[in-house]
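S.K.: Got a structure for you, questions after.
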Amino acid sequence: MPRDTELPQTPSADLADAITRGASALAARQNTDGHFVYELEADATIPAEYVLLEHYLDRIEPALEAKIGVYLREIQGDHGGWPLFHDGGFDLSASVKAYFALKAIGDAPEAPHMARARAAILAAGGAARANVFTRVQLALFGEVPWRAVPVMPAELMIAPRWFPINLWRVSYWSRTVIVPLLVLMAKKPRARNPRGVRVQELFVTPPEQVKDWIRGPYRSLWGRFFKGLDTVLRVLDPLVPARFRAISIARAGAFVRERLNGEDGLGAIYPAIANSVMMFDALGYPPDHPDAAIAWQAVRKLLVIGADRAYCQPCVSPIWDTALAGHALAETEGADHPRLKAACDWLAARQITDVVGDWAMARPGVRPGGWAFQYANPHYPDVDDTAVVGMLLHRSGDPAHAAAIARARDWIIGLQCRGGGWGAFDADNDHQFLNHIPFADHGALLDPPTADVTARCVSFLAQTGMDAADPVLARAIAWLRAEQEKDGSWFGRWGTNYIYGTWSVLCALNAAGLPHDDPAIEHAVAFLLATQRDDGGWGEDEETYAGAPPGRYKVSTPSHTAWALLGLMAAGRADHPAVARGIAWLAAAQQENGEWVEQPYNAVGFPRVFYLRYHGYKQYFPQLALARFQALRHSNQRRVAYGF
């Protein structure tokens with residue numbers, strides 16, 4: 001890394017110009033009702049699954065599928081298959097689904113891109129070695145026998161809460177995906193597949209001859225136990241009395257209908273919504289039945305259709321985008337600006353106060369008061385969103401929001417886990433043995449407390465007046481201290497990765513009033529300084545979830561640079577030369593239209609399995625960092641006054 005004097009700083013006039021252009025770009029993305037929503041992109045899996053869903057139902061739209069085909073071909077990797085994130089390595093399951101979808105769209109197997117993909121898939125062991133969800137998709141199309149997937153009896157729907165394996169012990173996203181899937185696995189329907197598309201060429205061994213479909217996981221004795229249990233259940237499943245099976249299927253249908261959630265869909269996430277569409281179809285609902293029709297509409301709402309290409313989002317992020325963009329607006333234009341007021345009013349109207357969601361199974365008696373991530377998802381408010389929205393409403397200073405902030409505080413306090421941290425949607429959802437069942441080969445069945453979500457809760461509670469000595473905060477801060485990595489960083493569960501986690505916790509510790517020379521803060525600062533790149537920025541990619549060095553990447557990105565800068569400023573280092581270099585990099589990377597460009601993915605759904613690119617991160621986080629730096633530079637004191 002060059003010495004501090006070797007990289008330029010940003011003159012005040014240039015900084016002011018960058019902030020002005022960024023504010024204009026941000027304002028242009030605000031909707032007339034005050035909210036923001038940016039695209040949320042995953043990998044090839046979701047658009048490929050959407051294509052296959054059209055073929056499953058025989059609702060094929062050739063023009064739309066042609067555009068999705070353009071997208072899938074564009075993101076094919078040089079290795080021949082499809083990665084889980086920009087410039088990532090080959091992923092077998094994503095590649096099987098993408099190949100299947102392209103063949104369904106009409107791409108010839110002999111086409112060069114298809115031949116390369118097929119060779120890569122076969123070299124990796126073939127489709128038989130794909131993950132559970134991919135094998136379920138193949139089973140629905142008759143490409144593999146149902147014995148290729150783990151046994152998941154529909155009777156899970158009637159398992160009592162004391163039973164070690166029950167739906168209330170897994171995360172919200174797992175629950176909403178599993179329930180309609182239980183119906184599909186019980187009824188074993190067959191895709192209509194009107195074009196008769198098959199992908200037997202992706203198997204090294206013909207599927208009927210494969211003997212070892214269920215291989216584990218074997219990460220512990222639990223894995224071996226559950227492998228044995230799966231073997232036993234295969235024998236017992238056909239012996240389940242028809243009455244019990246019918247009751248279980250009816251219970252699953254009732255669960256889905258109660259949480260159908262209008263055009264935002266079951267759980268407001270694609271896999272759950274798509275499974276609900278297929279469930280209604282398997283139960284004999286005609287397409288124009290209100291439940292079946294609204295579920296299909298919810299799937300369609302996730303499509304992003306351009307002039308030449310299209311893809312399907314895993315979900316939409318308007319609450320999150322609006323809250324984060326709102327903080328950038330507040331920093332740039334002040335708490336009384338009409339644009340900020342519009343954003344806050346839009347958010348306040350979407351607080352969930354009249355639905356007691358699934359979270360109450362672990363915390364009965366807690367009054368609802370959270371916010372979801374999507375436009376609507378009342379059974380599943382998001383702790384992270386609630387904290388960020390609460391901080392924004394508090395920062396706005398509008399007394400009309402006082403009651404909403406109070407309810408949010410009560411709800412967040414009520415969802416604190418026993419150890420002091422917070423999960424994203426549930427309390428104490430950390431029954432780790434369940435991650436060893438064969439169905440959970442993705443290792444993300446649960447919603448344990450994480451440093452980034454816990455940090456946001458600490459920030460919110462501290463910003464709104466809770467003292468660090470309060471038992472709620474004291475336990476949370478102690479939990480965060482225990483979670484700090486040896487290099488000074490914190491793991492980022494929901495953002496990529498250690499830079500994101502470290503920024504989050506530094507903001508929290510600052511908001512809680514810890515001195516900036518606290519050893520945990522100094523250690524974290526050292527991590528951020530050590531990972532700054534030669535050009536003045538920071539970068540990190542998803543390989544750090546698979547053991548790559550934390551906080552390092554081959555290029556700097558606007559998101560990571562902004563997070564590192566915000567973390568250093570929260571730690572009282574606004575005057576550090578590294579901050580000036582980072583600000584200079586951000587200002588220089590800005591385009592003339594006030595926006596930034598970022599190709600690497602910047603977030604995570606499930607580590608090592610599913611990653612995300614928030615298109616808004618590269619806009620509002622750099623804007624927040626530039627505006628905060630300017631505000632601190634003109635301030636008499638250098639302490640960040642807010643939790644975010």
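Residues are referred to by chain and number: the chain letter is A, B, ... according to the order shown in the structure tokens, the number counts from 1 in that chain, and ligands are numbered separately from 1 in the order shown.
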Report as a ChimeraX atom specification all protein, DNA and RNA residues lying within 10 Å of range 508-524 of chain A, evaluated on only C-alpha atoms, omitting residues in the same chain fewer than 6 positions from it.
M.R.: /A:452,454-469,473-474,477,480-482,484-490,499,502,530,567-573,639-644
S.K.: Just want the 7 Å neighbourhood of range 623-636 of chain A, counted on only C-alpha atoms, with same-chain residues fewer than 6 positions away dropped. Output as a ChimeraX atom specification.
M.R.: /A:19,22,328,331-332,562,565-566,574,583
S.K.: Give me, as CSV, each residue of range 177-263 of chain A that comes within 12 Å of range 275-291 of chain A, together with its shortest interatomic pair and the distance in Å at one decimal, counting only C-alpha atoms, with rows ordered by chain and rising residue number.
M.R.:
```
residue,atom,partner,partner_atom,distance
A:Val177,CA,A:Asn275,CA,6.8
A:Ile178,CA,A:Asn275,CA,8.5
A:Val179,CA,A:Ser276,CA,8.6
A:Pro180,CA,A:Ser276,CA,5.4
A:Leu181,CA,A:Asn275,CA,6.0
A:Leu182,CA,A:Met279,CA,8.9
A:Val183,CA,A:Met279,CA,6.3
A:Leu184,CA,A:Met279,CA,6.1
A:Met185,CA,A:Met279,CA,9.8
A:Ala186,CA,A:Ala282,CA,10.1
A:Lys187,CA,A:Ala282,CA,7.2
A:Lys188,CA,A:Ala282,CA,8.5
A:Pro189,CA,A:Ala282,CA,6.3
A:Arg190,CA,A:Ala282,CA,9.0
A:Ala191,CA,A:Met278,CA,9.4
A:Arg192,CA,A:Asp281,CA,11.0
A:Ala246,CA,A:Leu283,CA,11.4
A:Ile249,CA,A:Leu283,CA,9.3
A:Ala250,CA,A:Leu283,CA,9.8
A:Ala252,CA,A:Met279,CA,9.5
A:Gly253,CA,A:Met279,CA,8.2
A:Ala254,CA,A:Phe280,CA,11.3
A:Phe255,CA,A:Ser276,CA,10.6
A:Val256,CA,A:Ser276,CA,7.2
A:Arg257,CA,A:Asp291,CA,7.3
A:Glu258,CA,A:Asp291,CA,10.5
A:Arg259,CA,A:Ser276,CA,10.6
A:Leu260,CA,A:Asp291,CA,7.7
A:Asn261,CA,A:Asp291,CA,10.1
A:Gly262,CA,A:Asp291,CA,8.7
A:Glu263,CA,A:Asp291,CA,10.2
```
S.K.: Restricting the output to C-alpha atoms, write the selected residues as a PDB file, in the first residue's frame.
M.R.:
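That gives us again.pdb:
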```
ATOM      1  CA  VAL A 177     -40.616 -23.133   0.919  1.00  0.00           C
ATOM      2  CA  ILE A 178     -41.133 -26.484   2.643  1.00  0.00           C
ATOM      3  CA  VAL A 179     -44.870 -26.366   3.359  1.00  0.00           C
ATOM      4  CA  PRO A 180     -46.150 -26.337  -0.253  1.00  0.00           C
ATOM      5  CA  LEU A 181     -43.269 -28.626  -1.196  1.00  0.00           C
ATOM      6  CA  LEU A 182     -44.565 -31.221   1.275  1.00  0.00           C
ATOM      7  CA  VAL A 183     -47.757 -31.398  -0.778  1.00  0.00           C
ATOM      8  CA  LEU A 184     -45.785 -31.803  -3.998  1.00  0.00           C
ATOM      9  CA  MET A 185     -43.605 -34.530  -2.491  1.00  0.00           C
ATOM     10  CA  ALA A 186     -46.700 -36.344  -1.216  1.00  0.00           C
ATOM     11  CA  LYS A 187     -48.645 -36.139  -4.483  1.00  0.00           C
ATOM     12  CA  LYS A 188     -45.627 -36.451  -6.810  1.00  0.00           C
ATOM     13  CA  PRO A 189     -47.194 -34.597  -9.750  1.00  0.00           C
ATOM     14  CA  ARG A 190     -45.659 -34.584 -13.211  1.00  0.00           C
ATOM     15  CA  ALA A 191     -44.914 -31.462 -15.217  1.00  0.00           C
ATOM     16  CA  ARG A 192     -47.079 -30.973 -18.285  1.00  0.00           C
ATOM     17  CA  ALA A 246     -55.118 -36.128   3.953  1.00  0.00           C
ATOM     18  CA  ILE A 249     -52.073 -32.027   3.134  1.00  0.00           C
ATOM     19  CA  ALA A 250     -55.113 -30.041   4.218  1.00  0.00           C
ATOM     20  CA  ALA A 252     -50.396 -27.463   4.477  1.00  0.00           C
ATOM     21  CA  GLY A 253     -52.997 -25.902   2.193  1.00  0.00           C
ATOM     22  CA  ALA A 254     -54.478 -23.935   5.075  1.00  0.00           C
ATOM     23  CA  PHE A 255     -51.023 -22.709   6.094  1.00  0.00           C
ATOM     24  CA  VAL A 256     -50.361 -21.404   2.585  1.00  0.00           C
ATOM     25  CA  ARG A 257     -53.776 -19.802   2.168  1.00  0.00           C
ATOM     26  CA  GLU A 258     -53.470 -17.942   5.484  1.00  0.00           C
ATOM     27  CA  ARG A 259     -50.115 -16.503   4.367  1.00  0.00           C
ATOM     28  CA  LEU A 260     -50.872 -16.112   0.670  1.00  0.00           C
ATOM     29  CA  ASN A 261     -50.081 -12.394   0.940  1.00  0.00           C
ATOM     30  CA  GLY A 262     -51.844 -11.142  -2.187  1.00  0.00           C
ATOM     31  CA  GLU A 263     -49.712 -10.231  -5.169  1.00  0.00           C
TER      32      GLU A 263
END
```
S.K.: Would you compute the distance between CA of Asp534 in chain A and CA of Ser559 in chain A? Give it in Å to one decimal.
M.R.: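 One can read the CA of Asp534 in chain A to CA of Ser559 in chain A distance as 16.8 Å.
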S.K.: Quick one: residues within 12 Å of Ala584 in chain A, only C-alpha atoms, excluding same-chain residues fewer than 6 positions away - as a list in words?
M.R.: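 So, after excluding close chain neighbours, the residues are Leu7, Pro8, Gln9, Thr10, Pro11, Ser12, Asp14, Leu15, Ala18, Asp535, Gly536, Gly537, Pro558, Thr561, Ala562, Leu565, Pro577, Ala578, Gln590, Pro622, Ala625, Leu626 and Phe629 of chain A.
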S.K.: Quick one: of A:Leu156, A:Thr544, A:Val299, A:Phe373, who's nearest to Arg251 in chain A, counting only C-alpha atoms?
M.R.: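 Looking only at the distances to Arg251 in chain A, the closest residue turns out to be A:Leu156.
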S.K.: Considering only C-alpha atoms, return as a ChimeraX atom specification whatever protein or nucleic-acid residues lie within 12 Å of Pro338 in chain A, sequence-local ones (same chain, fewer than 6 positions apart) excluded.
M.R.: /A:27,30,32-34,326,329-330,344-345,396
S.K.: Would you put the residues from that selection into a file with N, CA and C atoms, as a PDB file, in the first residue's frame?
M.R.:
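Generated file (part37.pdb):
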```pdb
ATOM      1  N   ALA A  27     -32.439  11.190  -6.211  1.00  0.00           N
ATOM      2  CA  ALA A  27     -33.788  11.769  -6.304  1.00  0.00           C
ATOM      3  C   ALA A  27     -34.523  11.272  -7.538  1.00  0.00           C
ATOM      4  N   GLN A  30     -36.493   8.084  -6.917  1.00  0.00           N
ATOM      5  CA  GLN A  30     -37.566   8.051  -5.930  1.00  0.00           C
ATOM      6  C   GLN A  30     -38.917   8.076  -6.639  1.00  0.00           C
ATOM      7  N   THR A  32     -43.073   8.615  -6.947  1.00  0.00           N
ATOM      8  CA  THR A  32     -43.885   9.776  -6.582  1.00  0.00           C
ATOM      9  C   THR A  32     -44.499   9.650  -5.191  1.00  0.00           C
ATOM     10  N   ASP A  33     -44.701   8.408  -4.717  1.00  0.00           N
ATOM     11  CA  ASP A  33     -45.261   8.237  -3.377  1.00  0.00           C
ATOM     12  C   ASP A  33     -44.194   8.237  -2.291  1.00  0.00           C
ATOM     13  N   GLY A  34     -42.924   8.423  -2.687  1.00  0.00           N
ATOM     14  CA  GLY A  34     -41.850   8.558  -1.714  1.00  0.00           C
ATOM     15  C   GLY A  34     -40.937   7.363  -1.587  1.00  0.00           C
ATOM     16  N   GLY A 326     -33.162   6.569   2.307  1.00  0.00           N
ATOM     17  CA  GLY A 326     -33.580   7.642   3.211  1.00  0.00           C
ATOM     18  C   GLY A 326     -32.451   8.141   4.086  1.00  0.00           C
ATOM     19  N   LEU A 329     -30.427  10.358   1.988  1.00  0.00           N
ATOM     20  CA  LEU A 329     -31.119  11.639   1.821  1.00  0.00           C
ATOM     21  C   LEU A 329     -30.963  12.509   3.066  1.00  0.00           C
ATOM     22  N   ALA A 330     -31.139  11.898   4.232  1.00  0.00           N
ATOM     23  CA  ALA A 330     -31.032  12.660   5.478  1.00  0.00           C
ATOM     24  C   ALA A 330     -29.640  13.244   5.642  1.00  0.00           C
ATOM     25  N   CYS A 344     -40.260   8.746   4.632  1.00  0.00           N
ATOM     26  CA  CYS A 344     -40.622   8.336   5.996  1.00  0.00           C
ATOM     27  C   CYS A 344     -42.118   8.074   6.119  1.00  0.00           C
ATOM     28  N   ASP A 345     -42.913   8.909   5.503  1.00  0.00           N
ATOM     29  CA  ASP A 345     -44.363   8.698   5.566  1.00  0.00           C
ATOM     30  C   ASP A 345     -44.752   7.386   4.882  1.00  0.00           C
ATOM     31  N   SER A 396     -35.572  11.581  11.500  1.00  0.00           N
ATOM     32  CA  SER A 396     -36.375  12.614  10.847  1.00  0.00           C
ATOM     33  C   SER A 396     -36.904  13.643  11.844  1.00  0.00           C
TER      34      SER A 396
END
```
S.K.: Between A:Gly390, A:Leu528, A:Phe100, A:Ala310, which is the closest to Glu65 in chain A once you count only C-alpha atoms?
M.R.: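 Smallest separation from Glu65 in chain A among the options: A:Ala310.
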S.K.: Mind listing the alpha helix (DSSP H) residues of range 40-126 of chain A, per DSSP on the backbone, as a PyMOL selection string?
M.R.: chain A and resi 45-57+62-74+92-105+112-123
S.K.: Could you check how far CA of Tyr380 in chain A sits from CA of Gly357 in chain A, in Å to one decimal?
M.R.: 6.0 Å
S.K.: Give me, please, the distance in Å between CA of Ala148 in chain A and CA of Pro314 in chain A, quoted to one decimal.
M.R.: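 Answer for the CA of Ala148 in chain A to CA of Pro314 in chain A separation: 25.5 Å.
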S.K.: Would you mind listing what lies within 9 Å of range 594-600 of chain A as a list in words, with only C-alpha atoms counted and same-chain residues fewer than 3 positions away left out?
M.R.: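 Here the qualifying residues turn out to be Ala18, Ile19, Thr20, Arg21, Gly22, Ala23, Ser24, Ala25, Leu26, Phe85, His86, Asp87, Glu540, Asp541, Glu542, Thr557, Pro558, Ser559, Leu586, Ala589, Gln590, Gln591, Arg613, His615, Lys618, Gln619 and Pro622 of chain A.
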S.K.: Got a sec: who's within 10 Å of Trp411 in chain A, counting only C-alpha atoms, leaving out chain neighbours fewer than 3 positions off, as a ChimeraX atom specification?
M.R.: /A:363,366-370,383,386,405-408,414-416
S.K.: Where does range 194-264 of chain A meet range 111-114 of chain A within 12 Å, residue by residue, with the nearest atom pair and distance in Å to one decimal for each, counting only C-alpha atoms, listed by chain and rising number, as CSV?
M.R.:
```
residue,atom,partner,partner_atom,distance
A:Val199,CA,A:Met114,CA,11.6
A:Glu201,CA,A:Met114,CA,11.3
A:Leu202,CA,A:Met114,CA,11.0
```
